[in-house]
file start_34.pdb (PDB, C-alpha atoms, pLDDT in the B column)
MODEL        1
ATOM      1  CA  TYR K 238      -6.876   4.015  29.229  1.00 69.00           C
ATOM      2  CA  VAL K 239      -4.008   5.340  27.140  1.00 74.00           C
ATOM      3  CA  GLY K 240      -1.596   2.891  28.740  1.00 71.00           C
ATOM      4  CA  LEU K 241      -3.977   0.025  28.086  1.00 70.00           C
ATOM      5  CA  TYR K 242      -4.318   1.058  24.454  1.00 72.00           C
ATOM      6  CA  LEU K 243      -0.595   1.628  23.903  1.00 69.00           C
ATOM      7  CA  SER K 244       0.307  -1.719  25.463  1.00 67.00           C
ATOM      8  CA  HIS K 245      -1.246  -3.389  22.399  1.00 78.00           C
ATOM      9  CA  HIS K 246      -1.052  -0.773  19.612  1.00 80.00           C
ATOM     10  CA  ASP K 247       1.512   1.411  17.869  1.00 84.00           C
ATOM     11  CA  PRO K 248       0.392   5.030  18.457  1.00 83.00           C
ATOM     12  CA  GLU K 249       1.577   6.082  14.991  1.00 85.00           C
ATOM     13  CA  LEU K 250      -0.707   3.546  13.274  1.00 86.00           C
ATOM     14  CA  ALA K 251      -3.909   4.608  15.039  1.00 88.00           C
ATOM     15  CA  THR K 252      -6.879   5.840  13.051  1.00 90.00           C
ATOM     16  CA  THR K 253     -10.093   7.434  14.243  1.00 93.00           C
ATOM     17  CA  ASP K 254     -11.969   4.277  13.289  1.00 91.00           C
ATOM     18  CA  LEU K 255      -9.533   2.021  15.156  1.00 89.00           C
ATOM     19  CA  LEU K 256      -9.737   4.147  18.311  1.00 92.00           C
ATOM     20  CA  SER K 257     -13.531   4.234  18.141  1.00 91.00           C
ATOM     21  CA  ARG K 258     -13.776   0.471  17.742  1.00 88.00           C
ATOM     22  CA  TRP K 259     -11.265  -0.037  20.587  1.00 89.00           C
ATOM     23  CA  VAL K 260     -13.159   2.064  23.145  1.00 89.00           C
ATOM     24  CA  HIS K 261     -16.433   0.336  22.275  1.00 88.00           C
ATOM     25  CA  CYS K 262     -15.211  -3.286  22.297  1.00 88.00           C
ATOM     26  CA  HIS K 263     -14.754  -3.638  26.062  1.00 88.00           C
ATOM     27  CA  GLY K 264     -18.366  -3.446  27.170  1.00 89.00           C
ATOM     28  CA  TRP K 265     -17.641  -0.327  29.225  1.00 88.00           C
ATOM     29  CA  SER K 266     -20.391   1.958  30.488  1.00 88.00           C
ATOM     30  CA  PRO K 267     -20.989   5.229  28.594  1.00 86.00           C
ATOM     31  CA  ALA K 268     -19.266   7.160  31.407  1.00 87.00           C
ATOM     32  CA  THR K 269     -16.174   4.949  31.138  1.00 90.00           C
ATOM     33  CA  ILE K 270     -16.135   5.301  27.357  1.00 90.00           C
ATOM     34  CA  GLN K 271     -16.398   9.065  27.759  1.00 90.00           C
ATOM     35  CA  SER K 272     -13.396   9.025  30.106  1.00 91.00           C
ATOM     36  CA  ALA K 273     -11.385   6.835  27.722  1.00 91.00           C
ATOM     37  CA  VAL K 274     -12.202   9.114  24.766  1.00 93.00           C
ATOM     38  CA  ALA K 275     -11.137  12.177  26.782  1.00 92.00           C
ATOM     39  CA  SER K 276      -7.864  10.456  27.743  1.00 92.00           C
ATOM     40  CA  LEU K 277      -7.109   9.454  24.154  1.00 93.00           C
ATOM     41  CA  ARG K 278      -7.920  12.955  22.881  1.00 94.00           C
ATOM     42  CA  SER K 279      -5.614  14.511  25.460  1.00 94.00           C
ATOM     43  CA  PHE K 280      -2.789  12.068  24.767  1.00 93.00           C
ATOM     44  CA  TYR K 281      -2.930  12.378  20.985  1.00 93.00           C
ATOM     45  CA  SER K 282      -3.243  16.169  21.169  1.00 95.00           C
ATOM     46  CA  TRP K 283      -0.056  16.297  23.235  1.00 95.00           C
ATOM     47  CA  ALA K 284       1.733  13.709  21.091  1.00 94.00           C
ATOM     48  CA  HIS K 285       0.862  15.563  17.888  1.00 95.00           C
ATOM     49  CA  LYS K 286       1.833  18.999  19.258  1.00 96.00           C
ATOM     50  CA  THR K 287       5.192  17.664  20.429  1.00 96.00           C
ATOM     51  CA  GLY K 288       5.910  15.803  17.178  1.00 94.00           C
ATOM     52  CA  ARG K 289       5.706  12.314  18.626  1.00 93.00           C
ATOM     53  CA  VAL K 290       2.996  11.314  16.112  1.00 92.00           C
ATOM     54  CA  SER K 291       2.349  12.745  12.659  1.00 92.00           C
ATOM     55  CA  ASN K 292      -1.418  13.068  13.025  1.00 92.00           C
ATOM     56  CA  ASN K 293      -4.085  13.221  15.713  1.00 95.00           C
ATOM     57  CA  PRO K 294      -6.630  10.453  15.076  1.00 94.00           C
ATOM     58  CA  ALA K 295      -8.442  11.209  18.328  1.00 94.00           C
ATOM     59  CA  ALA K 296      -9.351  14.752  17.267  1.00 93.00           C
ATOM     60  CA  ASP K 297     -12.369  13.473  15.326  1.00 91.00           C
ATOM     61  CA  LEU K 298     -13.261  10.741  17.791  1.00 90.00           C
ATOM     62  CA  PRO K 299     -17.002  11.108  18.438  1.00 85.00           C
ATOM     63  CA  PRO K 300     -18.087  11.346  22.056  1.00 78.00           C
ATOM     64  CA  PRO K 301     -20.224   8.470  23.260  1.00 75.00           C
ATOM     65  CA  ARG K 302     -23.942   8.914  23.512  1.00 74.00           C
ATOM     66  CA  THR K 303     -24.926   8.927  27.136  1.00 71.00           C
ATOM     67  CA  PRO K 304     -28.466   7.847  27.866  1.00 72.00           C
ATOM     68  CA  ARG K 305     -30.641  10.456  29.492  1.00 78.00           C
ATOM     69  CA  VAL K 306     -31.644   9.426  32.963  1.00 79.00           C
ATOM     70  CA  LYS K 307     -35.185  10.183  33.993  1.00 84.00           C
ATOM     71  CA  ALA K 308     -35.248  12.297  37.134  1.00 84.00           C
ATOM     72  CA  ARG K 309     -36.472  10.534  40.224  1.00 87.00           C
ATOM     73  CA  ILE K 310     -38.749  12.882  42.121  1.00 91.00           C
ATOM     74  CA  ALA K 311     -39.586  12.270  45.755  1.00 92.00           C
ATOM     75  CA  SER K 312     -43.226  11.847  46.639  1.00 92.00           C
ATOM     76  CA  ASP K 313     -44.958  14.206  49.043  1.00 92.00           C
ATOM     77  CA  ALA K 314     -44.883  11.473  51.693  1.00 93.00           C
ATOM     78  CA  GLN K 315     -41.125  10.985  51.279  1.00 93.00           C
ATOM     79  CA  ILE K 316     -40.518  14.740  51.554  1.00 92.00           C
ATOM     80  CA  ALA K 317     -42.680  14.979  54.663  1.00 92.00           C
ATOM     81  CA  ALA K 318     -40.877  12.019  56.264  1.00 91.00           C
ATOM     82  CA  GLY K 319     -37.506  13.571  55.485  1.00 92.00           C
ATOM     83  CA  LEU K 320     -38.513  16.911  56.955  1.00 92.00           C
ATOM     84  CA  LEU K 321     -39.859  15.193  60.070  1.00 90.00           C
ATOM     85  CA  ARG K 322     -36.599  13.288  60.555  1.00 90.00           C
ATOM     86  CA  ALA K 323     -34.551  16.438  59.999  1.00 91.00           C
ATOM     87  CA  SER K 324     -36.543  18.366  62.595  1.00 87.00           C
ATOM     88  CA  THR K 325     -35.841  15.728  65.264  1.00 82.00           C
ATOM     89  CA  ILE K 326     -32.070  15.819  64.805  1.00 75.00           C
TER
ENDMDL
END
call {"tool": "encode", "arguments": {"input": "start_34.pdb", "output": "structure tokens"}}
result
Amino acid sequence: YVGLYLSHHDPELATTDLLSRWVHCHGWSPATIQSAVASLRSFYSWAHKTGRVSNNPAADLPPPRTPRVKARIASDAQIAAGLLRASTI
């Protein structure tokens, strides 16, 4: 994700707002956005610590909201069928 971002943007000119808009403009899933945010945070942390950029715009980058997934619970019949199959193996 960092390489994709840097291929079109100067790392020194990045702002938190610009990074946030960039990770959300691709139509990526929340998990992909979360991975991209983590990559950008790691890159900018390293770049700032080593003096390659003067600030770390990714430090305040908010994590994406991931939708809660409702647990799918097996029915009694499904559990019984699974146990029956397992006992015949």
call {"tool": "residues_around", "arguments": {"input": "start_34.pdb", "residues": "Asp254 (chain K)", "least_positions_apart": "4", "cutoff": "10 Å", "atoms": "all atoms listed in the file", "output": "NGL selection string"}}
result
:K and (258-259 or 294-295 or 297-299)
call {"tool": "atom_distance", "arguments": {"input": "start_34.pdb", "atom1": "CA of Val290 (chain K)", "atom2": "CA of Pro248 (chain K)"}}
result
7.2 Å
call {"tool": "closest_residue", "arguments": {"input": "start_34.pdb", "among": "K:Asn293, K:Thr303, K:Ser266, K:Gln315", "to": "Glu249 (chain K)", "atoms": "all atoms listed in the file"}}
result
K:Asn293
call {"tool": "resolve_selection", "arguments": {"input": "start_34.pdb", "expression": "the PyMOL selection byres ((chain K and resi 270-279) around 7)", "output": "list in words"}}
result
Tyr238, Val239, Val260, Trp265, Ser266, Pro267, Ala268, Thr269, Phe280, Tyr281, Ser282, Trp283, Ala295, Ala296, Pro300 and Pro301 of chain K
call {"tool": "axis_aligned_box", "arguments": {"input": "start_34.pdb", "around": "region 265-284 of chain K", "padding_each_side": "5 Å", "output": "JSON"}}
result
{"center_x": -9.6, "center_y": 8.0, "center_z": 26.2, "size_x": 32.7, "size_y": 26.6, "size_z": 20.4}
call {"tool": "atom_distance", "arguments": {"input": "start_34.pdb", "atom1": "CA of Arg302 (chain K)", "atom2": "CA of His263 (chain K)"}}
result
15.8 Å
call {"tool": "atom_distance", "arguments": {"input": "start_34.pdb", "atom1": "CA of Pro304 (chain K)", "atom2": "CA of Ala251 (chain K)"}}
result
27.9 Å
call {"tool": "decode", "arguments": {"input": "start_34.pdb", "residues": "region 254-281 of chain K", "atoms": "C-alpha atoms", "output": "short mmCIF file (atom, residue, chain, number, x, y, z; two decimals), in the first residue's frame"}}
result
data_model
loop_
_atom_site.label_atom_id
_atom_site.label_comp_id
_atom_site.auth_asym_id
_atom_site.auth_seq_id
_atom_site.Cartn_x
_atom_site.Cartn_y
_atom_site.Cartn_z
CA ASP K 254 -6.58 14.23 5.87
CA LEU K 255 -4.93 13.35 2.55
CA LEU K 256 -3.95 9.88 3.77
CA SER K 257 -7.43 9.25 5.14
CA ARG K 258 -9.09 10.29 1.89
CA TRP K 259 -6.61 8.17 -0.10
CA VAL K 260 -7.27 4.93 1.80
CA HIS K 261 -11.03 5.42 1.52
CA CYS K 262 -11.23 6.33 -2.19
CA HIS K 263 -10.47 2.87 -3.59
CA GLY K 264 -13.59 1.03 -2.50
CA TRP K 265 -11.52 -1.38 -0.41
CA SER K 266 -13.06 -3.58 2.27
CA PRO K 267 -12.64 -2.50 5.91
CA ALA K 268 -10.00 -5.21 6.41
CA THR K 269 -7.99 -3.91 3.44
CA ILE K 270 -8.30 -0.33 4.69
CA GLN K 271 -7.11 -1.48 8.10
CA SER K 272 -4.06 -3.11 6.49
CA ALA K 273 -3.31 0.00 4.43
CA VAL K 274 -3.59 2.24 7.51
CA ALA K 275 -1.24 -0.05 9.45
CA SER K 276 1.27 0.02 6.56
CA LEU K 277 1.15 3.81 6.29
CA ARG K 278 1.53 4.21 10.06
CA SER K 279 4.55 1.91 10.08
CA PHE K 280 6.17 3.61 7.10
CA TYR K 281 5.68 7.16 8.36
#
